[in-house]
Amino acid sequence: MSITNMPPFIPGLELSRRFYTELIRPLLEEAAPGIPHSAARLGSGSEVLGLDTAHSAHHERVPRLQLFLRSGDVSRHAGRIRHHLAEHLPKTFHGRPTHLTQAPVHRTVEVTHVSSWFTATLGFAPSSHITPLDWLATPTQFLAGVTAGAVFHDGLGVLAPLRAALRWYPRDLWLYVLACQWQRIAQEEALVDGCGEAGDELGSAVVAARLVRDLMRLCLLMDRHYPPGDQWLGSAFARTSAGPQLTPALTAVLAATDRHSREQHLTAAFEAVAGLHNQRELTDPLDPATTTCRRFAAALLDRVSDPAVRALPTVGAVDQFVDSAEVLGRVEAARAAATGVADHRRTSTA
């Protein structure tokens, strides 16, 4: 289907809601009458975050959803439900294909159990106690994907409390993650000028771009929003309270062609973010004009009351010390990386 022949744009979550209401629920009732279930569109994808556009809809956009059953019902009925859907789903829905080679019915409609789906998506089941490692080993893009999206029906009565439990970090962990983000920025804040002094304008620009990304992620964390993947970071940042104020300065940092201009615009951005920190009263007020980023990290850690959190190394969540799509895109790899850091900390302090 060419772009010029594409149907009118329907936001992905609305398309999936209609897909469930108009097609999937009636077919489910035919395949397994009266079976308790929940239905939602969670997980990955720009539409889950509410960031899809008419342009993004051109790229293999099909209506998708998760159909959650009780554990025993998955083993008894999932095969029959999938077969019934494959046999009776129309080829298109509101002008969008429902069957693609890359996305057959079992991927378009994922029939699963709540605990197994969350474990596969996050690396742990939030129905039990969520440990600090669970929080910190899970890339924020996955936490964003399960707390955003939409629930269309919760007949099992479990999705709402699970999503509420994952909505945001416990306060001490939030302060810790914020402190580690400031610490990450502090480690490089002097390098923009340092590279420039050495005549390395390209290196200075690279460091400045890293700092821009870290400041954007910091603003999302301050607003209690899980930073998404980099492909959606700018769109998510634009929706933060700091977005309108900071976007001109951060754009100027990236456009600057010399270290002095970069430093000037970065200083303005640092001061603006420091002001936002003070507005939230997370610590005692710190002077935005003279306080280094490292002091913000120290002040936040001073507010952490949980001894177990205070004892954590100041590296933060896995996204804050790993920058590999291969790791951050796979929960088992991310969890292994975070576990390795935690084990090294225990061994080195034993």
# chains A, B, ... in the order shown; residues from 1 in each chain; ligands from 1

$ closest_atom_pairs --of "region 114-195 of chain A" --to "region 322-345 of chain A" --cutoff "6 Å" --atoms "only C-alpha atoms" --output "JSON lines"
{"residue": "A:Gly123", "atom": "CA", "partner": "A:Val331", "partner_atom": "CA", "distance": 5.7}
{"residue": "A:Ala137", "atom": "CA", "partner": "A:Arg335", "partner_atom": "CA", "distance": 4.8}
{"residue": "A:Pro139", "atom": "CA", "partner": "A:Leu328", "partner_atom": "CA", "distance": 5.9}

$ write_last_selection --atoms "N, CA and C atoms" --output "compact mmCIF listing (two decimals), in the first residue's frame"
# COMPACT_ATOMS: atom_id res chain seq x y z
N GLY A 123 11.35 -8.62 33.24
CA GLY A 123 12.34 -9.43 33.93
C GLY A 123 11.89 -9.85 35.31
N ALA A 137 17.31 -2.73 37.50
CA ALA A 137 17.77 -3.58 36.40
C ALA A 137 16.86 -3.49 35.18
N PRO A 139 15.35 -1.48 32.13
CA PRO A 139 15.47 -0.25 31.34
C PRO A 139 14.20 0.57 31.40

$ residues_around --residues "Gly45 (chain A)" --least-positions-apart "5" --cutoff "9 Å" --atoms "only C-alpha atoms" --output "short mmCIF file (atom, residue, chain, number, x, y, z; two decimals) with C-alpha atoms, in the first residue's frame"
data_model
loop_
_atom_site.label_atom_id
_atom_site.label_comp_id
_atom_site.auth_asym_id
_atom_site.auth_seq_id
_atom_site.Cartn_x
_atom_site.Cartn_y
_atom_site.Cartn_z
CA LEU A 51 3.77 9.51 20.20
CA ASP A 52 2.68 7.95 16.92
CA GLY A 145 5.82 0.75 27.99
#

$ select_by_dssp --residues "region 160-315 of chain A" --states "helix (DSSP H, G or I)" --output "PyMOL selection string"
chain A and resi 160-165+171-186+191-197+201-222+230-238+243-255+259-279+293-302+307-310

$ residues_around --residues "Glu22 (chain A)" --least-positions-apart "4" --cutoff "12 Å" --atoms "only C-alpha atoms" --output "PyMOL selection string"
chain A and resi 14-18+26-28+63+89-90+93-94+152

$ write_last_selection --atoms "N, CA and C atoms" --output "PDB file, in the first residue's frame"
ATOM      1  N   GLU A  14      -6.198   4.131  19.835  1.00  0.00           N
ATOM      2  CA  GLU A  14      -7.610   4.143  19.462  1.00  0.00           C
ATOM      3  C   GLU A  14      -7.905   3.022  18.468  1.00  0.00           C
ATOM      4  N   LEU A  15      -6.981   2.804  17.540  1.00  0.00           N
ATOM      5  CA  LEU A  15      -7.158   1.716  16.579  1.00  0.00           C
ATOM      6  C   LEU A  15      -7.213   0.369  17.286  1.00  0.00           C
ATOM      7  N   SER A  16      -6.331   0.161  18.255  1.00  0.00           N
ATOM      8  CA  SER A  16      -6.329  -1.095  18.998  1.00  0.00           C
ATOM      9  C   SER A  16      -7.584  -1.238  19.855  1.00  0.00           C
ATOM     10  N   ARG A  17      -8.061  -0.136  20.428  1.00  0.00           N
ATOM     11  CA  ARG A  17      -9.305  -0.197  21.224  1.00  0.00           C
ATOM     12  C   ARG A  17     -10.474  -0.636  20.350  1.00  0.00           C
ATOM     13  N   ARG A  18     -10.590  -0.038  19.165  1.00  0.00           N
ATOM     14  CA  ARG A  18     -11.666  -0.425  18.248  1.00  0.00           C
ATOM     15  C   ARG A  18     -11.501  -1.879  17.805  1.00  0.00           C
ATOM     16  N   PRO A  26     -15.934 -10.048  20.307  1.00  0.00           N
ATOM     17  CA  PRO A  26     -16.952 -10.970  19.790  1.00  0.00           C
ATOM     18  C   PRO A  26     -16.376 -12.321  19.356  1.00  0.00           C
ATOM     19  N   LEU A  27     -15.188 -12.315  18.723  1.00  0.00           N
ATOM     20  CA  LEU A  27     -14.591 -13.577  18.296  1.00  0.00           C
ATOM     21  C   LEU A  27     -14.128 -14.406  19.491  1.00  0.00           C
ATOM     22  N   LEU A  28     -13.644 -13.747  20.536  1.00  0.00           N
ATOM     23  CA  LEU A  28     -13.263 -14.461  21.752  1.00  0.00           C
ATOM     24  C   LEU A  28     -14.465 -15.141  22.373  1.00  0.00           C
ATOM     25  N   PRO A  63      -3.238  -3.056  13.959  1.00  0.00           N
ATOM     26  CA  PRO A  63      -3.796  -3.011  15.315  1.00  0.00           C
ATOM     27  C   PRO A  63      -3.251  -4.175  16.132  1.00  0.00           C
ATOM     28  N   LEU A  89     -10.669 -13.507  11.469  1.00  0.00           N
ATOM     29  CA  LEU A  89     -10.349 -12.085  11.375  1.00  0.00           C
ATOM     30  C   LEU A  89     -10.378 -11.642   9.918  1.00  0.00           C
ATOM     31  N   PRO A  90     -10.995 -10.511   9.628  1.00  0.00           N
ATOM     32  CA  PRO A  90     -10.903  -9.989   8.258  1.00  0.00           C
ATOM     33  C   PRO A  90      -9.469  -9.593   7.946  1.00  0.00           C
ATOM     34  N   PHE A  93      -8.717  -3.948   8.754  1.00  0.00           N
ATOM     35  CA  PHE A  93      -9.580  -3.326   9.771  1.00  0.00           C
ATOM     36  C   PHE A  93      -9.335  -1.832   9.714  1.00  0.00           C
ATOM     37  N   HIS A  94     -10.378  -1.057   9.415  1.00  0.00           N
ATOM     38  CA  HIS A  94     -10.244   0.386   9.206  1.00  0.00           C
ATOM     39  C   HIS A  94      -9.101   0.688   8.232  1.00  0.00           C
ATOM     40  N   PHE A 152      -8.195  -1.888  27.859  1.00  0.00           N
ATOM     41  CA  PHE A 152      -9.523  -1.800  27.260  1.00  0.00           C
ATOM     42  C   PHE A 152     -10.567  -2.562  28.070  1.00  0.00           C
TER      43      PHE A 152
END

$ residues_around --residues "Gln141 (chain A)" --least-positions-apart "5" --cutoff "10 Å" --atoms "only C-alpha atoms" --output "list in words"
Gly43, Ser44, Leu49, Leu122, Val146, Tyr226, Pro227, Pro228, Gly229, Asp230, Trp232, Leu233, Asp319, Leu328 and Gly329 of chain A

$ closest_residue --among "A:Leu312, A:Val207, A:Ala249, A:Met222" --to "Leu191 (chain A)" --atoms "only C-alpha atoms"
A:Val207

$ residues_around --residues "Leu202 (chain A)" --least-positions-apart "3" --cutoff "12 Å" --atoms "only C-alpha atoms" --output "PyMOL selection string"
chain A and resi 191-199+205-209+254+256-259+262

$ write_last_selection --atoms "N, CA and C atoms" --output "mmCIF file, in the first residue's frame"
data_model
loop_
_atom_site.group_PDB
_atom_site.id
_atom_site.type_symbol
_atom_site.label_atom_id
_atom_site.label_comp_id
_atom_site.auth_asym_id
_atom_site.auth_seq_id
_atom_site.Cartn_x
_atom_site.Cartn_y
_atom_site.Cartn_z
ATOM 1 N N LEU A 191 34.382 18.575 30.478
ATOM 2 C CA LEU A 191 35.096 18.080 29.307
ATOM 3 C C LEU A 191 34.802 18.879 28.041
ATOM 4 N N VAL A 192 33.662 19.548 28.003
ATOM 5 C CA VAL A 192 33.342 20.355 26.820
ATOM 6 C C VAL A 192 34.417 21.428 26.632
ATOM 7 N N ASP A 193 34.736 22.115 27.692
ATOM 8 C CA ASP A 193 35.772 23.144 27.620
ATOM 9 C C ASP A 193 37.157 22.514 27.517
ATOM 10 N N GLY A 194 37.352 21.384 28.222
ATOM 11 C CA GLY A 194 38.660 20.741 28.196
ATOM 12 C C GLY A 194 39.048 20.264 26.806
ATOM 13 N N CYS A 195 38.100 19.652 26.101
ATOM 14 C CA CYS A 195 38.392 19.223 24.722
ATOM 15 C C CYS A 195 38.700 20.430 23.841
ATOM 16 N N GLY A 196 37.927 21.500 24.028
ATOM 17 C CA GLY A 196 38.143 22.693 23.222
ATOM 18 C C GLY A 196 39.501 23.309 23.460
ATOM 19 N N GLU A 197 39.924 23.333 24.722
ATOM 20 C CA GLU A 197 41.238 23.889 25.035
ATOM 21 C C GLU A 197 42.356 23.094 24.359
ATOM 22 N N ALA A 198 42.124 21.806 24.156
ATOM 23 C CA ALA A 198 43.124 20.962 23.503
ATOM 24 C C ALA A 198 43.029 21.036 21.987
ATOM 25 N N GLY A 199 42.138 21.889 21.484
ATOM 26 C CA GLY A 199 41.976 22.029 20.049
ATOM 27 C C GLY A 199 41.084 20.981 19.427
ATOM 28 N N ALA A 205 32.175 18.821 20.858
ATOM 29 C CA ALA A 205 30.795 18.735 20.386
ATOM 30 C C ALA A 205 30.156 17.405 20.774
ATOM 31 N N VAL A 206 30.943 16.326 20.707
ATOM 32 C CA VAL A 206 30.424 15.004 21.078
ATOM 33 C C VAL A 206 30.040 14.973 22.552
ATOM 34 N N VAL A 207 30.913 15.487 23.412
ATOM 35 C CA VAL A 207 30.616 15.519 24.843
ATOM 36 C C VAL A 207 29.382 16.384 25.107
ATOM 37 N N ALA A 208 29.284 17.517 24.431
ATOM 38 C CA ALA A 208 28.135 18.405 24.619
ATOM 39 C C ALA A 208 26.837 17.698 24.232
ATOM 40 N N ALA A 209 26.880 16.936 23.152
ATOM 41 C CA ALA A 209 25.677 16.216 22.735
ATOM 42 C C ALA A 209 25.275 15.171 23.772
ATOM 43 N N LEU A 254 23.758 22.119 20.517
ATOM 44 C CA LEU A 254 24.051 21.199 19.416
ATOM 45 C C LEU A 254 24.468 21.928 18.149
ATOM 46 N N ALA A 256 26.115 24.829 18.085
ATOM 47 C CA ALA A 256 27.313 25.651 18.287
ATOM 48 C C ALA A 256 28.517 25.056 17.555
ATOM 49 N N THR A 257 29.366 25.913 17.040
ATOM 50 C CA THR A 257 30.540 25.475 16.280
ATOM 51 C C THR A 257 31.854 25.722 17.015
ATOM 52 N N ASP A 258 31.765 26.265 18.237
ATOM 53 C CA ASP A 258 32.990 26.456 19.012
ATOM 54 C C ASP A 258 32.679 26.235 20.484
ATOM 55 N N ARG A 259 33.710 25.921 21.246
ATOM 56 C CA ARG A 259 33.523 25.544 22.649
ATOM 57 C C ARG A 259 32.953 26.674 23.496
ATOM 58 N N ARG A 262 29.262 26.711 22.991
ATOM 59 C CA ARG A 262 28.687 25.528 23.644
ATOM 60 C C ARG A 262 28.607 25.726 25.151
#

$ atom_distance --atom1 "CA of Pro288 (chain A)" --atom2 "CA of Val315 (chain A)"
23.4 Å

$ select_by_dssp --residues "region 114-236 of chain A" --states "strand (DSSP E or B)" --output "list of chain:residue names"
A:Ala150, A:Val151, A:Phe152, A:His153, A:Asp154

$ closest_residue --among "A:Gly243, A:Pro285, A:Gly50, A:Pro313" --to "Leu13 (chain A)" --atoms "only C-alpha atoms"
A:Gly50

$ closest_residue --among "A:Ile130, A:Ala268, A:Leu246, A:Leu69" --to "Pro170 (chain A)" --atoms "only C-alpha atoms"
A:Ile130

$ residues_around --residues "Leu250 (chain A)" --least-positions-apart "5" --cutoff "8 Å" --atoms "only C-alpha atoms" --output "list in words"
Val212, His265, Leu266 and Ala269 of chain A

$ write_last_selection --atoms "N, CA and C atoms" --output "PDB file, in the first residue's frame"
ATOM      1  N   VAL A 212      23.572  16.994  26.564  1.00  0.00           N
ATOM      2  CA  VAL A 212      22.209  17.378  26.183  1.00  0.00           C
ATOM      3  C   VAL A 212      21.261  16.213  26.421  1.00  0.00           C
ATOM      4  N   HIS A 265      25.773  28.158  26.214  1.00  0.00           N
ATOM      5  CA  HIS A 265      24.417  27.611  26.157  1.00  0.00           C
ATOM      6  C   HIS A 265      24.226  26.476  27.167  1.00  0.00           C
ATOM      7  N   LEU A 266      25.281  25.698  27.387  1.00  0.00           N
ATOM      8  CA  LEU A 266      25.180  24.644  28.401  1.00  0.00           C
ATOM      9  C   LEU A 266      25.014  25.229  29.793  1.00  0.00           C
ATOM     10  N   ALA A 269      21.530  26.113  30.270  1.00  0.00           N
ATOM     11  CA  ALA A 269      20.710  24.921  30.470  1.00  0.00           C
ATOM     12  C   ALA A 269      20.892  24.351  31.868  1.00  0.00           C
TER      13      ALA A 269
END

$ closest_residue --among "A:Thr121, A:Ala144, A:Ala252, A:Gly34" --to "Ser46 (chain A)" --atoms "only C-alpha atoms"
A:Ala144

$ closest_residue --among "A:Phe296, A:Phe142, A:Phe9, A:Tyr20" --to "Val48 (chain A)" --atoms "only C-alpha atoms"
A:Phe142

$ residues_around --residues "Cys293 (chain A)" --least-positions-apart "3" --cutoff "9 Å" --atoms "only C-alpha atoms" --output "PyMOL selection string"
chain A and resi 182-187+189+270+274+296-298

$ write_last_selection --atoms "C-alpha atoms" --output "PDB file, in the first residue's frame"
ATOM      1  CA  TRP A 182      23.415  14.434  38.261  1.00  0.00           C
ATOM      2  CA  GLN A 183      26.567  12.434  39.026  1.00  0.00           C
ATOM      3  CA  ARG A 184      26.708  11.178  35.430  1.00  0.00           C
ATOM      4  CA  ILE A 185      26.468  14.755  34.177  1.00  0.00           C
ATOM      5  CA  ALA A 186      29.086  15.939  36.685  1.00  0.00           C
ATOM      6  CA  GLN A 187      31.590  13.442  35.312  1.00  0.00           C
ATOM      7  CA  GLU A 189      30.536  18.765  32.545  1.00  0.00           C
ATOM      8  CA  PHE A 270      22.402  23.783  33.689  1.00  0.00           C
ATOM      9  CA  ALA A 274      19.007  23.503  38.702  1.00  0.00           C
ATOM     10  CA  PHE A 296      23.195  18.252  43.507  1.00  0.00           C
ATOM     11  CA  ALA A 297      23.989  14.529  43.540  1.00  0.00           C
ATOM     12  CA  ALA A 298      25.334  14.727  47.084  1.00  0.00           C
TER      13      ALA A 298
END
